[in-house]
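J.: You'll find protein.txt just under this line, and it carries compact mmCIF, N, CA, C and O atoms.
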# COMPACT_ATOMS: atom_id res chain seq x y z
N MET A 25 88.29 59.17 48.90
CA MET A 25 89.40 58.30 48.56
C MET A 25 90.41 58.34 49.69
O MET A 25 90.59 59.35 50.34
N HIS A 26 91.07 57.24 49.94
CA HIS A 26 92.01 57.14 51.05
C HIS A 26 93.39 56.77 50.54
O HIS A 26 93.56 56.35 49.41
N ARG A 27 94.35 56.91 51.42
CA ARG A 27 95.72 56.54 51.07
C ARG A 27 95.75 55.14 50.49
O ARG A 27 95.04 54.26 50.91
N GLY A 28 96.63 54.94 49.52
CA GLY A 28 96.76 53.63 48.91
C GLY A 28 95.83 53.42 47.73
O GLY A 28 96.03 52.51 46.95
N GLU A 29 94.81 54.26 47.58
CA GLU A 29 93.87 54.12 46.47
C GLU A 29 94.20 55.09 45.33
O GLU A 29 93.47 55.16 44.37
N ARG A 30 95.28 55.81 45.45
CA ARG A 30 95.63 56.81 44.45
C ARG A 30 96.20 56.16 43.21
O ARG A 30 97.09 55.34 43.29
N ASP A 31 95.70 56.55 42.06
CA ASP A 31 96.27 56.08 40.81
C ASP A 31 96.60 57.26 39.90
O ASP A 31 96.63 57.14 38.70
N ASP A 32 96.82 58.43 40.50
CA ASP A 32 97.15 59.62 39.72
C ASP A 32 98.63 59.95 39.91
O ASP A 32 99.39 59.15 40.45
N ASP A 33 99.03 61.15 39.52
CA ASP A 33 100.44 61.53 39.60
C ASP A 33 100.72 62.53 40.71
O ASP A 33 101.64 63.32 40.63
N GLY A 34 99.94 62.49 41.79
CA GLY A 34 100.23 63.31 42.97
C GLY A 34 99.63 64.69 42.92
O GLY A 34 98.83 65.03 42.06
N GLY A 35 100.05 65.52 43.88
CA GLY A 35 99.60 66.90 43.94
C GLY A 35 98.33 67.11 44.75
O GLY A 35 97.75 68.20 44.71
N TRP A 36 97.89 66.10 45.49
CA TRP A 36 96.67 66.26 46.29
C TRP A 36 96.90 67.30 47.37
O TRP A 36 97.98 67.38 47.96
N LEU A 37 95.88 68.10 47.66
CA LEU A 37 95.92 69.04 48.77
C LEU A 37 95.44 68.30 50.01
O LEU A 37 94.44 67.59 49.97
N GLU A 38 96.16 68.46 51.12
CA GLU A 38 95.74 67.86 52.38
C GLU A 38 95.43 68.96 53.38
O GLU A 38 96.20 69.91 53.53
N LEU A 39 94.28 68.85 54.05
CA LEU A 39 93.87 69.75 55.12
C LEU A 39 93.89 68.92 56.40
O LEU A 39 93.15 67.94 56.51
N TRP A 40 94.74 69.29 57.35
CA TRP A 40 94.93 68.49 58.56
C TRP A 40 94.12 69.04 59.73
O TRP A 40 94.31 70.17 60.16
N PRO A 41 93.22 68.22 60.30
CA PRO A 41 92.47 68.62 61.50
C PRO A 41 93.36 68.49 62.73
O PRO A 41 94.47 67.96 62.65
N ASP A 42 92.88 68.94 63.88
CA ASP A 42 93.65 68.80 65.12
C ASP A 42 93.86 67.33 65.48
O ASP A 42 94.85 66.97 66.08
N GLU A 43 92.91 66.48 65.11
CA GLU A 43 93.00 65.04 65.39
C GLU A 43 92.54 64.26 64.17
O GLU A 43 91.69 64.71 63.42
N GLY A 44 93.09 63.09 63.99
CA GLY A 44 92.64 62.20 62.91
C GLY A 44 93.41 62.40 61.62
O GLY A 44 94.44 63.07 61.57
N TRP A 45 92.87 61.78 60.58
CA TRP A 45 93.50 61.81 59.26
C TRP A 45 93.15 63.07 58.50
O TRP A 45 92.11 63.67 58.73
N PRO A 46 94.00 63.48 57.55
CA PRO A 46 93.71 64.68 56.77
C PRO A 46 92.60 64.46 55.76
O PRO A 46 92.33 63.33 55.34
N LEU A 47 91.96 65.56 55.40
CA LEU A 47 91.04 65.56 54.28
C LEU A 47 91.91 65.69 53.04
O LEU A 47 92.72 66.62 52.94
N GLU A 48 91.79 64.76 52.09
CA GLU A 48 92.61 64.77 50.89
C GLU A 48 91.76 65.20 49.71
O GLU A 48 90.70 64.61 49.45
N ILE A 49 92.21 66.22 48.98
CA ILE A 49 91.43 66.79 47.89
C ILE A 49 92.18 66.59 46.58
O ILE A 49 93.32 67.02 46.42
N VAL A 50 91.52 65.92 45.65
CA VAL A 50 92.11 65.62 44.34
C VAL A 50 92.20 66.91 43.52
O VAL A 50 91.23 67.67 43.44
N PRO A 51 93.35 67.18 42.90
CA PRO A 51 93.49 68.38 42.07
C PRO A 51 92.89 68.18 40.68
O PRO A 51 93.56 67.74 39.75
N GLU A 52 91.60 68.47 40.55
CA GLU A 52 90.93 68.32 39.27
C GLU A 52 90.75 69.69 38.63
O GLU A 52 90.63 70.70 39.32
N PHE A 53 90.72 69.72 37.30
CA PHE A 53 90.56 70.97 36.57
C PHE A 53 89.32 71.72 37.03
O PHE A 53 88.26 71.12 37.21
N ASN A 54 89.48 73.02 37.26
CA ASN A 54 88.39 73.92 37.60
C ASN A 54 87.84 73.69 39.01
O ASN A 54 86.74 74.10 39.32
N ARG A 55 88.59 73.03 39.89
CA ARG A 55 88.17 72.80 41.27
C ARG A 55 88.56 74.00 42.11
O ARG A 55 89.66 74.53 41.99
N THR A 56 87.68 74.42 43.01
CA THR A 56 87.94 75.51 43.94
C THR A 56 87.84 74.97 45.37
O THR A 56 86.89 74.25 45.68
N VAL A 57 88.81 75.31 46.19
CA VAL A 57 88.80 74.92 47.59
C VAL A 57 88.89 76.20 48.41
O VAL A 57 89.78 77.01 48.20
N VAL A 58 87.97 76.38 49.34
CA VAL A 58 87.95 77.55 50.21
C VAL A 58 88.02 77.08 51.65
O VAL A 58 87.23 76.21 52.04
N PHE A 59 88.97 77.62 52.41
CA PHE A 59 89.05 77.28 53.82
C PHE A 59 89.65 78.44 54.58
O PHE A 59 90.39 79.25 54.02
N ALA A 60 89.30 78.54 55.86
CA ALA A 60 89.82 79.60 56.72
C ALA A 60 91.26 79.26 57.11
O ALA A 60 91.58 78.10 57.39
N THR A 61 92.12 80.25 57.10
CA THR A 61 93.50 80.05 57.52
C THR A 61 93.73 80.70 58.87
O THR A 61 93.13 81.71 59.20
N SER A 62 94.60 80.07 59.65
CA SER A 62 94.99 80.59 60.96
C SER A 62 96.33 79.97 61.29
O SER A 62 96.92 79.25 60.48
N SER A 63 96.80 80.20 62.49
CA SER A 63 98.06 79.59 62.91
C SER A 63 97.90 78.09 63.14
O SER A 63 98.87 77.39 63.39
N ARG A 64 96.67 77.59 63.06
CA ARG A 64 96.39 76.17 63.27
C ARG A 64 95.78 75.48 62.06
O ARG A 64 95.32 74.35 62.15
N SER A 65 95.73 76.12 60.92
CA SER A 65 95.11 75.52 59.73
C SER A 65 96.20 74.86 58.87
O SER A 65 96.61 75.37 57.84
N TRP A 66 96.64 73.69 59.32
CA TRP A 66 97.72 72.99 58.62
C TRP A 66 97.22 72.42 57.30
O TRP A 66 96.19 71.75 57.25
N HIS A 67 97.97 72.70 56.25
CA HIS A 67 97.60 72.24 54.92
C HIS A 67 98.87 72.16 54.07
O HIS A 67 99.88 72.76 54.39
N GLY A 68 98.79 71.41 53.00
CA GLY A 68 99.95 71.32 52.13
C GLY A 68 99.83 70.20 51.11
O GLY A 68 98.78 69.59 50.94
N HIS A 69 100.95 69.97 50.44
CA HIS A 69 101.06 68.95 49.39
C HIS A 69 102.22 68.02 49.74
O HIS A 69 103.30 68.14 49.18
N PRO A 70 102.02 67.09 50.66
CA PRO A 70 103.12 66.21 51.09
C PRO A 70 103.68 65.35 49.96
O PRO A 70 104.82 64.96 49.99
N ARG A 71 102.85 65.03 48.98
CA ARG A 71 103.30 64.24 47.83
C ARG A 71 103.20 65.12 46.60
O ARG A 71 102.14 65.23 45.97
N PRO A 72 104.29 65.80 46.24
CA PRO A 72 104.24 66.72 45.09
C PRO A 72 103.81 66.02 43.81
O PRO A 72 104.03 64.82 43.64
N ALA A 73 103.23 66.77 42.92
CA ALA A 73 102.80 66.23 41.63
C ALA A 73 103.99 65.86 40.78
O ALA A 73 105.05 66.47 40.86
N ALA A 74 103.82 64.83 39.97
CA ALA A 74 104.87 64.36 39.07
C ALA A 74 104.92 65.20 37.80
O ALA A 74 105.77 64.99 36.95
N ARG A 75 104.02 66.16 37.68
CA ARG A 75 104.00 67.05 36.50
C ARG A 75 103.61 68.44 36.97
O ARG A 75 103.22 68.64 38.12
N TRP A 76 103.74 69.43 36.10
CA TRP A 76 103.37 70.80 36.44
C TRP A 76 101.88 70.91 36.68
O TRP A 76 101.08 70.33 35.95
N ARG A 77 101.51 71.64 37.73
CA ARG A 77 100.11 71.97 37.99
C ARG A 77 100.05 73.44 38.35
O ARG A 77 100.94 73.95 39.00
N MET A 78 99.01 74.10 37.94
CA MET A 78 98.84 75.52 38.20
C MET A 78 97.84 75.71 39.34
O MET A 78 96.89 74.95 39.46
N SER A 79 98.07 76.74 40.15
CA SER A 79 97.12 77.07 41.21
C SER A 79 97.13 78.57 41.45
O SER A 79 98.07 79.26 41.09
N VAL A 80 96.06 79.04 42.05
CA VAL A 80 95.93 80.44 42.40
C VAL A 80 95.50 80.49 43.86
O VAL A 80 94.62 79.74 44.28
N ALA A 81 96.13 81.36 44.64
CA ALA A 81 95.75 81.54 46.04
C ALA A 81 95.36 82.99 46.26
O ALA A 81 96.02 83.90 45.75
N ALA A 82 94.28 83.21 46.98
CA ALA A 82 93.83 84.56 47.31
C ALA A 82 93.52 84.61 48.80
O ALA A 82 92.94 83.68 49.36
N TYR A 83 93.94 85.68 49.44
CA TYR A 83 93.71 85.86 50.86
C TYR A 83 92.89 87.13 51.08
O TYR A 83 93.17 88.15 50.47
N PHE A 84 91.88 87.04 51.93
CA PHE A 84 91.05 88.19 52.24
C PHE A 84 91.19 88.47 53.73
O PHE A 84 91.11 87.57 54.56
N PHE A 85 91.42 89.72 54.07
CA PHE A 85 91.64 90.12 55.45
C PHE A 85 90.51 91.01 55.93
O PHE A 85 89.91 91.74 55.15
N SER A 86 90.23 90.95 57.23
CA SER A 86 89.22 91.81 57.82
C SER A 86 89.85 92.50 59.04
O SER A 86 90.82 92.00 59.60
N PRO A 87 89.29 93.64 59.45
CA PRO A 87 89.86 94.35 60.58
C PRO A 87 89.80 93.54 61.87
O PRO A 87 90.66 93.64 62.73
N GLU A 88 88.78 92.71 62.02
CA GLU A 88 88.60 91.90 63.23
C GLU A 88 88.51 90.42 62.83
O GLU A 88 87.99 90.11 61.77
N PRO A 89 89.00 89.53 63.68
CA PRO A 89 88.85 88.11 63.35
C PRO A 89 87.40 87.69 63.38
O PRO A 89 86.58 88.30 64.09
N PRO A 90 87.04 86.65 62.65
CA PRO A 90 85.64 86.18 62.67
C PRO A 90 85.27 85.61 64.03
O PRO A 90 86.15 85.17 64.79
N GLU A 91 83.99 85.60 64.32
CA GLU A 91 83.51 85.07 65.58
C GLU A 91 83.93 83.60 65.72
O GLU A 91 83.83 82.81 64.77
N GLY A 92 84.46 83.25 66.87
CA GLY A 92 84.90 81.89 67.12
C GLY A 92 86.34 81.60 66.67
O GLY A 92 86.81 80.48 66.81
N PHE A 93 87.03 82.58 66.13
CA PHE A 93 88.40 82.38 65.67
C PHE A 93 89.31 82.03 66.84
O PHE A 93 89.24 82.64 67.90
N VAL A 94 90.13 81.01 66.66
CA VAL A 94 91.10 80.58 67.68
C VAL A 94 92.49 80.75 67.11
O VAL A 94 92.80 80.22 66.05
N GLU A 95 93.33 81.51 67.77
CA GLU A 95 94.71 81.76 67.32
C GLU A 95 95.54 80.52 67.45
O GLU A 95 95.48 79.75 68.31
Go ahead and render the structure in this file as structure tokens.

T.:
Amino acid sequence: MHRGERDDDGGWLELWPDEGWPLEIVPEFNRTVVFATSSRSWHGHPRPAARWRMSVAAYFFSPEPPEGFVE
């Protein structure tokens, strides 16, 4: 789905690549999104939901960064 096609009440998660448009993820019940975080993993909710939504965030750390990690 792309901008302008939304008929919900907001709260979409956006994952922004280095170039191009963001990946937009609809907040549906029981949906799980997993992505690597770094100083360059831009993400957020630019259009807040018009109603309460619940979310859970979990972070896992390792002693060394994964292979190919870019700060």

J.: Please extract the residues of chain A with a backbone DSSP assignment of strand (DSSP E or B) and present them as number ranges by chain.

T.: A: 37-40, 47-49, 66-68

J.: Just the residues within 5 Å of stretch 55-67 of chain A, please, counting all atoms listed in the file, with nothing from its chain fewer than 5 positions along; format it as a list in words.

T.: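 Neighbouring residues, sequence-local ones excluded: Glu38, Leu39 and Trp40 of chain A.
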
J.: May I ask for the distance between atom CA of A:Arg77 and atom CA of A:Gly35, given in Å to one decimal place?

T.: 7.8 Å

J.: Let me make sure I understand: among A:Gly92, A:Pro87, A:Gly34, A:Pro70, which one has the smallest atom-to-atom distance to A:Val50 if we use all atoms listed in the file?

T.: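 For A:Val50, the nearest of the given residues is A:Gly34.
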
J.: To one decimal place in Å, what is the distance between atom N of A:Ala73 and atom O of A:Trp36?

T.: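 Computed distance, atom N of A:Ala73 to atom O of A:Trp36, equals 7.3 Å.
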
J.: I'd like the interatomic distance between atom C of A:Trp45 and atom CA of A:Phe85, to a tenth of an Å.

T.: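 These atoms are spaced 27.3 Å apart.
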
J.: Have a look at A:Arg71, A:Met78, A:Tyr83, A:Glu91 and name the one nearest to A:Glu52; count only C-alpha atoms.

T.: A:Met78

J.: In terms of the shortest atom-to-atom distance over all atoms listed in the file, which of A:His69, A:Leu47, A:Phe53, A:Arg75 is closest to A:Asp33?

T.: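 Among the listed residues, the smallest separation from A:Asp33 belongs to A:Arg75.
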